[in-house]
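Only one structure is covered here, and it is reproduced in the block below.
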Amino acid sequence: MISFDDKLQPLLGKKTADALETGLGLTTVGDLLRHYPRRYDERGKLTDIRSLEIDEHVTVQAEVRKCTKRRMKARHGHMTEAVITDGTSELHLVFFGKVAFVAEQELLPGTRALFAGKVGRYRQNLQLVHPAFEILTPEQDGSSFLQAFLPVYPASQHINTWNIANCVKQLLEIWDGVPEDPLPADFRTEHGLIGLESALRAIHRPESWAEISVAQLRLKWDEALAVQLALAQRRKASTARPAPACARRSGGILDAFDARLPFTLTKGQVEVGEQIASDLESTVPMNRLLQGEVGSGKTMVALRAMLQAVDAGRQSAMLAPTEVLAAQHARSLQEMLGDLAQAGQLGGAEDATRVTLLTGSMNTAQRRQALLDIVTGEAGIVVGTHAIIQEKVEFHSLGLVVVDEQHRFGVEQRAALSARGERENPHVLVMTATPIPRTVAMTVYGDLEVSALRELPGGRSPIKTSVVPVREKPTWLDRAFARVREEVSAGHQAYFVCPRIGDEEPAKSEDEDKRPALSVVDVANMLAQGPLRGLRVEILHGRMPPDEKDAVMRAFTANEVQVLVATTVIEVGVNVPNATVMAIMDADRFGVSQLHQLRGRVGRGSAPGLCLLVTEMPEMTATMERLRAVESTLDGFELAQLDLELRREGDILGAAQSGRRSGLKMLSLLRDEDIIADARVAAQLVVDADPDLAKHPGLAGMVATLLTEERADFLEKA
């Protein structure tokens, strides 16, 4: 009997099995049967060529318009050039060597075929170099392409979609099916779901769109339920140990801080602050995600929560992703608290506490003093990087953990920090400036309660964003440099952001027409010697020694440096109100949410902010449309939804943010909100009654199959 766990090699042969493993990581029957088609082409219906994205590996159904072979000028041999069309747009193909002769003979004008390859650009034309192709002809007796629906699978350079289709067809003919459906019969009836075996056969070999639809519904439920069961179990486990109750105290340090605030908290800050305060008073551990726009005041909300913990005689720890950001957070908290952060010092307030910074690069004396302040409880608020969670760090009484930019931390780090109490779990508040669509919050952060800040505090200046299309309008780049100089002349400062540092080998692109990404080192030298000559230009990146990074940031904060050329190390938390302009070089190499995060570094003071998105991408491409979307709106939640659509959701349960392999193979965070919400309710009911799924072995097996330990861990760090 052939089961999900059986290896593919004895069934499909070594060569095919190796190609499936090398190209797609598929090694078992279950892996291949759950490698679902990403779409279906109806036989004869051509692919929309205009929708293709550069650097994407695609499969296209198209018609040959022309095909010619010629001798190459630069080297020996022949090349064949073909043009294929969907009736409105064209895609150019290039073949070399022996394949050039095959292509010339088979790709006759009017021929329809499937073409697979990586989309590039040459002389303004979209192009596939050496694509694999499969002619679609009625003579292919026994081929999977005789059916009305052509399944198009996620493929790779090692194996094409039509090869995968034939492998699946071969496997389904000998597969014995599912001995027992993991979903109980009454559950399937309640939610209108077909059996697993029927769904798997229909998804690969459908006879109608209706058959595809009911198969997809069942397989989406499998994935949604597996994820939500794992999350429900995590929520259950997080309450196994109590948290310290941090009651609000009248007349304490929080009241003293609130009384000094020179501004009024926004309505959102008040509402979210009340939610968190209520959580902190309970012995049920708080696990809350605070999401909010750049500049929405998350740090203020977090600080007030930390002060509530201090009032209750507990300590708070704030974990930042980088030493630069940790040092800035510590300085910022000390400035916000003033004499309330000067416990034990001359001039310190009566209810004062102490803010202590702990990072891995501190010298021995600094580290010894910081550790002493932490273990004795003198430090009510501890700020640092992952150095905080090392075993040598002992807290006197940890009550609250604040994690800044959750997606930059591994689950092990967060778990280690949460487990610092011997008998208690500290409360956990996770912050992110990346707005998160509701379905992502339910799926990726499903073990956390979610709060959102959508309102910006008063006094924040508007940010204007402009795309600088260097390819079409090269003079605009000179104008951009002039605009930066104007801002500096007015007493302000500027950021330049680049995709790479410059002391490493640039990543090689398969598209020879595409130059390496601009680097911090090269751009800084170009600016200092050219358009910004005479200004003090400094660089900042993650591989600099910590003391150098800190010195540069201090100089920039003090306006001793006018122009800072950096990588995305400045993406979060850096707060220099005098910086008013940012130029993001090669902006097309950054994601939508990342661009939104970056531009939030300007416009933080009284002067308006300007963000320039510099790109060589041509108009009318999907990439340029993405940049135009960032240009057109400052609504981070709208952009987050757009980013999710453009990423094709990526590997939500795996390490890659985007790419061809996806942990959620069928479930769509864009379109399946109702299924996710229903699965969340159903999973909670099951776990409340059966926390370990001991009475539901089928469901337990489904969770283990669809949700490997690595992917389950990723749920908390995606």
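Residues are referred to by chain and number: the chain letter is A, B, ... according to the order shown in the structure tokens, the number counts from 1 in that chain, and ligands are numbered separately from 1 in the order shown.
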Residues near Thr27 in chain A, anyone? I mean within 6 Å using only C-alpha atoms, not counting same-chain ones fewer than 4 positions away, as JSON, numbers by chain.
{"A": [7, 8, 21]}
Run DSSP on the backbone and grab whatever in range 319-366 of chain A lands in strand (DSSP E); send it over as a ChimeraX atom specification.
/A:319,355-358
Shortest interatomic distance to Gly110 in chain A - which of A:Leu261, A:Leu610, A:Ala82, A:Lys66, counting only C-alpha atoms
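Ranking A:Leu261, A:Leu610, A:Ala82, A:Lys66 by distance to Gly110 in chain A, first place goes to A:Lys66.
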CA of Leu346 in chain A and CA of Met318 in chain A, how far apart in Å?
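Spanning CA of Met318 in chain A to CA of Leu346 in chain A is a straight-line distance of 25.8 Å.
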Contacts of Asp586 in chain A within 7 Å, only C-alpha atoms, excl. fewer than 6 positions in-chain, as a ChimeraX atom specification
/A:498,517-518,614-615
Apply DSSP to the structure's backbone, then extract all residues of range 170-388 of chain A labelled alpha helix (DSSP H) and return them as a PyMOL selection string.
chain A and resi 170-174+185-191+196-204+209-238+253-260+267-281+298-311+323-337+364-376
Restricting the calculation to only C-alpha atoms, which member of A:Asp373, A:Glu281, A:Glu487, A:Glu42 is positioned closest to Gln315 in chain A?
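For Gln315 in chain A, the nearest of the candidates is A:Asp373.
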